[in-house]
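Participant: File follows, work_15.pdb with PDB, C-alpha atoms:
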```
ATOM      1  CA  MET A  23       0.000   0.000   0.000
ATOM      2  CA  ASN A  24       1.568   3.267  -1.137
ATOM      3  CA  ILE A  25       0.090   6.636  -0.289
ATOM      4  CA  GLN A  26       0.953   9.585  -2.522
ATOM      5  CA  ILE A  27       2.175  12.531  -0.501
ATOM      6  CA  ALA A  28       1.716  15.925  -2.157
ATOM      7  CA  THR A  29       5.076  16.757  -3.716
ATOM      8  CA  PHE A  30       6.298  17.541  -7.195
ATOM      9  CA  PHE A  31       7.786  14.055  -7.364
ATOM     10  CA  PRO A  32       5.287  11.249  -8.019
ATOM     11  CA  TYR A  33       7.793   8.621  -6.872
ATOM     12  CA  LEU A  34       7.774  10.010  -3.324
ATOM     13  CA  LYS A  35       5.141   7.809  -1.759
ATOM     14  CA  TYR A  36       4.621   6.817   1.819
ATOM     15  CA  ASP A  37       4.498   3.112   2.439
ATOM     16  CA  PRO A  38       4.408   1.589   5.907
ATOM     17  CA  SER A  39       6.805  -1.222   5.009
ATOM     18  CA  GLU A  40       9.312  -0.276   7.721
ATOM     19  CA  LEU A  41       6.646  -0.937  10.371
ATOM     20  CA  PRO A  42       7.209  -4.738  10.461
ATOM     21  CA  ALA A  43      10.976  -4.180  10.463
ATOM     22  CA  LEU A  44      10.764  -1.814  13.436
ATOM     23  CA  ILE A  45       8.447  -4.143  15.345
ATOM     24  CA  GLY A  46      10.726  -7.078  14.544
ATOM     25  CA  GLY A  47      13.798  -5.078  15.526
ATOM     26  CA  PHE A  48      12.258  -3.952  18.802
ATOM     27  CA  SER A  49      11.006  -7.461  19.658
ATOM     28  CA  LEU A  50      13.775  -9.675  18.315
ATOM     29  CA  GLY A  51      16.759  -7.331  18.128
ATOM     30  CA  PRO A  52      18.374  -5.029  15.563
ATOM     31  CA  TRP A  53      19.724  -7.836  13.366
ATOM     32  CA  ALA A  54      16.226  -9.232  12.936
ATOM     33  CA  GLY A  55      14.948  -5.767  12.030
ATOM     34  CA  LEU A  56      17.715  -5.279   9.474
ATOM     35  CA  ALA A  57      17.045  -8.721   7.996
ATOM     36  CA  ILE A  58      13.377  -7.763   7.590
ATOM     37  CA  VAL A  59      14.367  -4.533   5.787
ATOM     38  CA  VAL A  60      16.568  -6.419   3.320
ATOM     39  CA  LEU A  61      14.112  -9.296   2.856
ATOM     40  CA  LYS A  62      11.091  -7.067   2.178
ATOM     41  CA  ASN A  63      13.094  -5.089  -0.393
ATOM     42  CA  LEU A  64      14.300  -8.263  -2.111
ATOM     43  CA  ILE A  65      10.696  -9.522  -2.245
ATOM     44  CA  PHE A  66       9.557  -6.178  -3.681
ATOM     45  CA  LEU A  67      12.350  -6.223  -6.255
ATOM     46  CA  GLY A  68      11.466  -9.788  -7.238
ATOM     47  CA  THR A  69       7.798  -8.968  -7.707
ATOM     48  CA  HIS A  70       8.083  -5.451  -9.207
ATOM     49  CA  PHE A  71      11.354  -5.560 -11.116
ATOM     50  CA  SER A  72      12.196  -2.728 -13.444
ATOM     51  CA  PRO A  73      15.571  -1.050 -13.906
ATOM     52  CA  GLN A  74      14.251   2.153 -12.298
ATOM     53  CA  GLU A  75      13.209   0.215  -9.191
ATOM     54  CA  MET A  76      16.863  -0.628  -8.564
ATOM     55  CA  PHE A  77      17.367   2.950  -7.379
ATOM     56  CA  GLY A  78      14.129   3.142  -5.434
ATOM     57  CA  ILE A  79      15.013  -0.098  -3.680
ATOM     58  CA  SER A  80      18.557   1.135  -3.039
ATOM     59  CA  PHE A  81      17.254   4.351  -1.449
ATOM     60  CA  ASN A  82      14.622   2.445   0.547
ATOM     61  CA  THR A  83      17.140  -0.138   1.793
ATOM     62  CA  ILE A  84      19.648   2.496   2.914
ATOM     63  CA  ALA A  85      16.908   4.534   4.620
ATOM     64  CA  GLY A  86      15.442   1.419   6.266
ATOM     65  CA  ILE A  87      18.815   0.233   7.545
ATOM     66  CA  ALA A  88      19.551   3.665   9.027
ATOM     67  CA  TYR A  89      16.104   3.962  10.626
ATOM     68  CA  VAL A  90      15.562   0.412  11.867
ATOM     69  CA  GLY A  91      19.203  -0.138  12.839
ATOM     70  CA  THR A  92      19.352   3.050  14.879
ATOM     71  CA  ALA A  93      15.915   2.791  16.499
ATOM     72  CA  SER A  94      16.045  -0.903  17.386
ATOM     73  CA  GLY A  95      19.704  -0.728  18.456
ATOM     74  CA  ILE A  96      18.970   2.103  20.885
ATOM     75  CA  TYR A  97      15.774   0.456  22.132
ATOM     76  CA  GLN A  98      17.725  -2.710  22.982
ATOM     77  CA  LEU A  99      19.825  -0.713  25.469
ATOM     78  CA  ARG A 100      16.827  -0.203  27.738
ATOM     79  CA  LYS A 101      13.388  -1.420  26.824
ATOM     80  CA  SER A 102      10.911   1.128  28.147
ATOM     81  CA  LYS A 103       8.193   3.374  26.761
ATOM     82  CA  ARG A 104      10.417   6.411  27.109
ATOM     83  CA  MET A 105      13.325   4.683  25.357
ATOM     84  CA  GLY A 106      10.922   3.566  22.630
ATOM     85  CA  LYS A 107       9.993   7.199  21.955
ATOM     86  CA  VAL A 108      13.612   8.360  22.060
ATOM     87  CA  SER A 109      14.807   5.553  19.800
ATOM     88  CA  LEU A 110      12.122   6.240  17.192
ATOM     89  CA  VAL A 111      12.933   9.962  17.124
ATOM     90  CA  LEU A 112      16.666   9.241  16.822
ATOM     91  CA  GLY A 113      15.921   6.676  14.096
ATOM     92  CA  VAL A 114      14.008   9.291  12.075
ATOM     93  CA  ILE A 115      16.872  11.753  12.490
ATOM     94  CA  ALA A 116      19.488   9.135  11.534
ATOM     95  CA  MET A 117      17.522   8.108   8.436
ATOM     96  CA  THR A 118      17.060  11.716   7.351
ATOM     97  CA  LEU A 119      20.733  12.575   7.848
ATOM     98  CA  VAL A 120      22.004   9.424   6.110
ATOM     99  CA  MET A 121      19.767  10.073   3.120
ATOM    100  CA  ILE A 122      21.227  13.541   2.432
ATOM    101  CA  PRO A 123      24.656  12.302   1.223
ATOM    102  CA  THR A 124      23.025   9.199  -0.268
ATOM    103  CA  GLN A 125      20.770  11.357  -2.429
ATOM    104  CA  LEU A 126      23.659  13.689  -3.309
ATOM    105  CA  VAL A 127      25.572  10.705  -4.686
ATOM    106  CA  LEU A 128      22.835   8.475  -6.117
ATOM    107  CA  PHE A 129      20.427  11.038  -7.591
ATOM    108  CA  PRO A 130      22.886  12.201 -10.304
ATOM    109  CA  VAL A 131      23.610   8.553 -11.149
ATOM    110  CA  PHE A 132      19.878   7.833 -11.394
ATOM    111  CA  GLN A 133      19.394  10.884 -13.582
ATOM    112  CA  SER A 134      22.228   9.961 -15.968
ATOM    113  CA  TRP A 135      21.093   6.324 -16.310
ATOM    114  CA  PHE A 136      17.331   6.742 -16.517
ATOM    115  CA  LEU A 137      16.772  10.352 -17.585
ATOM    116  CA  PRO A 138      19.663  10.947 -19.991
ATOM    117  CA  ASP A 139      17.705  13.489 -22.074
ATOM    118  CA  GLN A 140      16.936  15.657 -19.063
ATOM    119  CA  ALA A 141      19.301  18.522 -18.282
ATOM    120  CA  LYS A 142      21.641  17.701 -15.425
ATOM    121  CA  LEU A 143      20.819  19.404 -12.156
ATOM    122  CA  ALA A 144      23.344  21.901 -10.869
ATOM    123  CA  GLN A 145      24.816  20.934  -7.501
ATOM    124  CA  GLU A 146      23.099  23.904  -5.802
ATOM    125  CA  THR A 147      19.747  22.923  -7.314
ATOM    126  CA  LEU A 148      20.164  19.325  -6.167
ATOM    127  CA  ILE A 149      21.068  20.436  -2.636
ATOM    128  CA  ARG A 150      18.066  22.784  -2.540
ATOM    129  CA  MET A 151      15.794  19.973  -3.816
ATOM    130  CA  ILE A 152      17.123  17.587  -1.171
ATOM    131  CA  LEU A 153      16.727  20.103   1.651
ATOM    132  CA  LEU A 154      13.295  21.397   0.588
ATOM    133  CA  THR A 155      11.705  18.167  -0.669
ATOM    134  CA  PHE A 156      13.480  14.998   0.405
ATOM    135  CA  VAL A 157      14.379  16.020   3.968
ATOM    136  CA  PRO A 158      10.778  17.013   4.843
ATOM    137  CA  PHE A 159       9.492  13.874   3.104
ATOM    138  CA  ASN A 160      11.858  11.641   5.100
ATOM    139  CA  LEU A 161      10.951  13.391   8.358
ATOM    140  CA  LEU A 162       7.229  12.949   7.626
ATOM    141  CA  LYS A 163       7.602   9.348   6.462
ATOM    142  CA  GLY A 164       9.720   8.415   9.472
ATOM    143  CA  SER A 165       7.401  10.185  11.898
ATOM    144  CA  ILE A 166       4.270   8.468  10.581
ATOM    145  CA  THR A 167       5.976   5.069  10.725
ATOM    146  CA  GLY A 168       7.312   5.858  14.205
ATOM    147  CA  LEU A 169       3.842   6.756  15.467
ATOM    148  CA  LEU A 170       2.362   3.592  13.966
ATOM    149  CA  THR A 171       5.145   1.553  15.573
ATOM    150  CA  TYR A 172       4.744   3.230  18.954
ATOM    151  CA  PHE A 173       1.002   2.590  19.098
ATOM    152  CA  SER A 174       1.089  -0.974  17.727
ATOM    153  CA  TYR A 175       4.343  -2.431  19.085
ATOM    154  CA  LYS A 176       3.011  -3.857  22.369
ATOM    155  CA  ARG A 177       0.216  -5.751  20.609
ATOM    156  CA  PHE A 178       2.587  -7.376  18.138
ATOM    157  CA  SER A 179       5.436  -7.956  20.581
ATOM    158  CA  LYS A 180       3.185 -10.120  22.763
ATOM    159  CA  ILE A 181       2.546 -12.348  19.760
ATOM    160  CA  LEU A 182       6.211 -12.434  18.686
ATOM    161  CA  LYS A 183       7.412 -13.211  22.214
ATOM    162  CA  SER A 184       4.774 -15.903  22.785
ATOM    163  CA  ASP A 185       6.204 -19.366  23.433
ATOM    164  CA  THR A 186       3.339 -21.014  21.585
ATOM    165  CA  LEU A 187       4.174 -19.136  18.364
ATOM    166  CA  TRP A 188       7.560 -20.851  18.141
ATOM    167  CA  GLU A 189       6.449 -24.287  19.388
ATOM    168  CA  VAL A 190       6.947 -27.119  16.952
ATOM    169  CA  LYS A 191       4.093 -29.608  17.139
ATOM    170  CA  GLU A 192       4.798 -33.187  16.229
TER     171      GLU A 192
END
```
Would you mind writing the structure in this file as structure tokens?

Facilitator:
Amino acid sequence: MNIQIATFFPYLKYDPSELPALIGGFSLGPWAGLAIVVLKNLIFLGTHFSPQEMFGISFNTIAGIAYVGTASGIYQLRKSKRMGKVSLVLGVIAMTLVMIPTQLVLFPVFQSWFLPDQAKLAQETLIRMILLTFVPFNLLKGSITGLLTYFSYKRFSKILKSDTLWEVKE
């Protein structure tokens, strides 16, 4: 499920796909959360392959690793409601900051490979676009996912931590 967020870029869509990775990372540890990020992107790539998706998946994987790795790693230090809030906020900040240099490097590559007829963006224009469009988008996307995680985590963690879920019946 993708939700179009009002921007000039139709490819900027909110999808809650980091929610299971955050819940998994909070419940089962950061490595589980990171594995979920990579696995869900590989599944998406396998079911929606197009050359352009290689960049979308690359951006999404890097953002997911920064967000889920930071948030679930911090939450593992002390599992409490307060630490959950702090870790989600720091995860959003980490994702947003990591994506700035990522977009500075990968956006020109994307443009040269998939939009070769389009005039190349000047460095100042790209920086302005990142700061005025992508940074707010990442902050909004991360905040929505963080709120969804915060309000749904306890329900899902009870299921994930249940002994009967992992029982093998003969």

Participant: Leaving out stretch 112-114 of chain A and any residue of its chain fewer than 2 positions from it, which residues lie within 10 Å of it when counting only C-alpha atoms, given as a PDB file with C-alpha atoms, in the frame of the given file?

Facilitator:
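Done, and the output landed in result_26.pdb:
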```pdb
ATOM      1  CA  LEU A  44      10.764  -1.814  13.436  1.00  0.00           C
ATOM      2  CA  ALA A  85      16.908   4.534   4.620  1.00  0.00           C
ATOM      3  CA  GLY A  86      15.442   1.419   6.266  1.00  0.00           C
ATOM      4  CA  ILE A  87      18.815   0.233   7.545  1.00  0.00           C
ATOM      5  CA  ALA A  88      19.551   3.665   9.027  1.00  0.00           C
ATOM      6  CA  TYR A  89      16.104   3.962  10.626  1.00  0.00           C
ATOM      7  CA  VAL A  90      15.562   0.412  11.867  1.00  0.00           C
ATOM      8  CA  GLY A  91      19.203  -0.138  12.839  1.00  0.00           C
ATOM      9  CA  THR A  92      19.352   3.050  14.879  1.00  0.00           C
ATOM     10  CA  ALA A  93      15.915   2.791  16.499  1.00  0.00           C
ATOM     11  CA  SER A  94      16.045  -0.903  17.386  1.00  0.00           C
ATOM     12  CA  GLY A  95      19.704  -0.728  18.456  1.00  0.00           C
ATOM     13  CA  ILE A  96      18.970   2.103  20.885  1.00  0.00           C
ATOM     14  CA  GLY A 106      10.922   3.566  22.630  1.00  0.00           C
ATOM     15  CA  LYS A 107       9.993   7.199  21.955  1.00  0.00           C
ATOM     16  CA  VAL A 108      13.612   8.360  22.060  1.00  0.00           C
ATOM     17  CA  SER A 109      14.807   5.553  19.800  1.00  0.00           C
ATOM     18  CA  LEU A 110      12.122   6.240  17.192  1.00  0.00           C
ATOM     19  CA  ALA A 116      19.488   9.135  11.534  1.00  0.00           C
ATOM     20  CA  MET A 117      17.522   8.108   8.436  1.00  0.00           C
ATOM     21  CA  THR A 118      17.060  11.716   7.351  1.00  0.00           C
ATOM     22  CA  LEU A 119      20.733  12.575   7.848  1.00  0.00           C
ATOM     23  CA  VAL A 120      22.004   9.424   6.110  1.00  0.00           C
ATOM     24  CA  ASN A 160      11.858  11.641   5.100  1.00  0.00           C
ATOM     25  CA  LEU A 161      10.951  13.391   8.358  1.00  0.00           C
ATOM     26  CA  LEU A 162       7.229  12.949   7.626  1.00  0.00           C
ATOM     27  CA  LYS A 163       7.602   9.348   6.462  1.00  0.00           C
ATOM     28  CA  GLY A 164       9.720   8.415   9.472  1.00  0.00           C
ATOM     29  CA  SER A 165       7.401  10.185  11.898  1.00  0.00           C
ATOM     30  CA  ILE A 166       4.270   8.468  10.581  1.00  0.00           C
ATOM     31  CA  THR A 167       5.976   5.069  10.725  1.00  0.00           C
ATOM     32  CA  GLY A 168       7.312   5.858  14.205  1.00  0.00           C
TER      33      GLY A 168
END
```

Participant: Any chance you could resolve the PyMOL selection byres ((chain A and resi 126) around 12) against this file and give the residues as a list in words?

Facilitator: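 Taken on the displayed file, the PyMOL selection byres ((chain A and resi 126) around 12) yields the residues Phe81, Leu119, Val120, Met121, Ile122, Pro123, Thr124, Gln125, Val127, Leu128, Phe129, Pro130, Val131, Phe132, Gln133, Leu143, Ala144, Gln145, Glu146, Thr147, Leu148, Ile149, Arg150, Met151, Ile152, Leu153 and Phe156 of chain A.
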
Participant: Measuring between all atoms listed in the file, which one of A:Asp37, A:Leu99, A:Val60, A:Tyr175 shows the shortest distance to A:Ser80?

Facilitator: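 Of the candidates, the smallest distance to A:Ser80 is held by A:Val60.
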
Participant: Please measure the separation of atom CA of A:Pro138 and atom CA of A:Ile65, giving the value in Å to one decimal.

Facilitator: 28.5 Å

Participant: What gap, in Å, lies between atom CA of A:Ser102 and atom CA of A:Ser174?

Facilitator: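 Between atom CA of A:Ser102 and atom CA of A:Ser174 the gap is 14.5 Å.
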
Participant: Counting all atoms listed in the file, which of A:Gln74, A:Leu169, A:Pro38, A:Phe178 gets nearest to A:Ser134?

Facilitator: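 Distance minimum relative to A:Ser134 lands on A:Gln74.
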
Participant: Can I get stretch 81-92 of chain A with all heavy atoms filled in, as a compact mmCIF listing (two decimals), keeping the file's coordinate frame?

Facilitator:
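result.txt was written with the following content:
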```txt
# COMPACT_ATOMS: atom_id res chain seq x y z
N PHE A 81 17.57 3.28 -2.39
CA PHE A 81 17.25 4.35 -1.45
C PHE A 81 16.48 3.81 -0.25
O PHE A 81 16.77 4.13 0.90
CB PHE A 81 16.42 5.45 -2.12
CG PHE A 81 17.19 6.36 -3.04
CD1 PHE A 81 16.79 6.55 -4.35
CD2 PHE A 81 18.31 7.04 -2.59
CE1 PHE A 81 17.49 7.40 -5.20
CE2 PHE A 81 19.02 7.89 -3.42
CZ PHE A 81 18.60 8.08 -4.73
N ASN A 82 15.47 2.98 -0.52
CA ASN A 82 14.62 2.44 0.55
C ASN A 82 15.42 1.56 1.49
O ASN A 82 15.22 1.61 2.70
CB ASN A 82 13.43 1.69 -0.06
CG ASN A 82 12.41 1.34 0.99
OD1 ASN A 82 12.56 0.34 1.69
ND2 ASN A 82 11.38 2.14 1.09
N THR A 83 16.33 0.75 0.95
CA THR A 83 17.14 -0.14 1.79
C THR A 83 18.07 0.67 2.69
O THR A 83 18.17 0.41 3.89
CB THR A 83 17.94 -1.13 0.93
OG1 THR A 83 17.03 -1.88 0.11
CG2 THR A 83 18.76 -2.08 1.78
N ILE A 84 18.73 1.66 2.12
CA ILE A 84 19.65 2.50 2.91
C ILE A 84 18.87 3.24 4.00
O ILE A 84 19.28 3.27 5.17
CB ILE A 84 20.43 3.47 2.01
CG1 ILE A 84 21.37 2.68 1.09
CG2 ILE A 84 21.19 4.50 2.84
CD1 ILE A 84 21.94 3.47 -0.07
N ALA A 85 17.73 3.82 3.64
CA ALA A 85 16.91 4.53 4.62
C ALA A 85 16.42 3.58 5.70
O ALA A 85 16.47 3.90 6.90
CB ALA A 85 15.72 5.21 3.92
N GLY A 86 15.95 2.40 5.30
CA GLY A 86 15.44 1.42 6.27
C GLY A 86 16.52 0.93 7.22
O GLY A 86 16.28 0.79 8.42
N ILE A 87 17.71 0.68 6.70
CA ILE A 87 18.82 0.23 7.54
C ILE A 87 19.18 1.32 8.56
O ILE A 87 19.38 1.03 9.74
CB ILE A 87 20.03 -0.17 6.68
CG1 ILE A 87 19.74 -1.52 5.98
CG2 ILE A 87 21.31 -0.25 7.50
CD1 ILE A 87 20.75 -1.92 4.94
N ALA A 88 19.23 2.57 8.10
CA ALA A 88 19.55 3.66 9.03
C ALA A 88 18.48 3.80 10.10
O ALA A 88 18.79 3.93 11.29
CB ALA A 88 19.71 4.97 8.25
N TYR A 89 17.23 3.76 9.69
CA TYR A 89 16.10 3.96 10.63
C TYR A 89 15.97 2.79 11.58
O TYR A 89 16.03 2.95 12.81
CB TYR A 89 14.82 4.16 9.82
CG TYR A 89 13.61 4.59 10.61
CD1 TYR A 89 13.66 4.98 11.94
CD2 TYR A 89 12.36 4.63 10.00
CE1 TYR A 89 12.54 5.40 12.62
CE2 TYR A 89 11.23 5.04 10.67
CZ TYR A 89 11.33 5.42 11.99
OH TYR A 89 10.21 5.82 12.67
N VAL A 90 15.81 1.60 11.04
CA VAL A 90 15.56 0.41 11.87
C VAL A 90 16.80 0.07 12.69
O VAL A 90 16.68 -0.27 13.88
CB VAL A 90 15.12 -0.78 10.98
CG1 VAL A 90 15.03 -2.06 11.79
CG2 VAL A 90 13.79 -0.46 10.29
N GLY A 91 17.97 0.17 12.09
CA GLY A 91 19.20 -0.14 12.84
C GLY A 91 19.39 0.79 14.02
O GLY A 91 19.69 0.34 15.14
N THR A 92 19.20 2.07 13.80
CA THR A 92 19.35 3.05 14.88
C THR A 92 18.28 2.86 15.95
O THR A 92 18.59 2.74 17.14
CB THR A 92 19.29 4.48 14.32
OG1 THR A 92 20.34 4.65 13.36
CG2 THR A 92 19.45 5.51 15.43
```
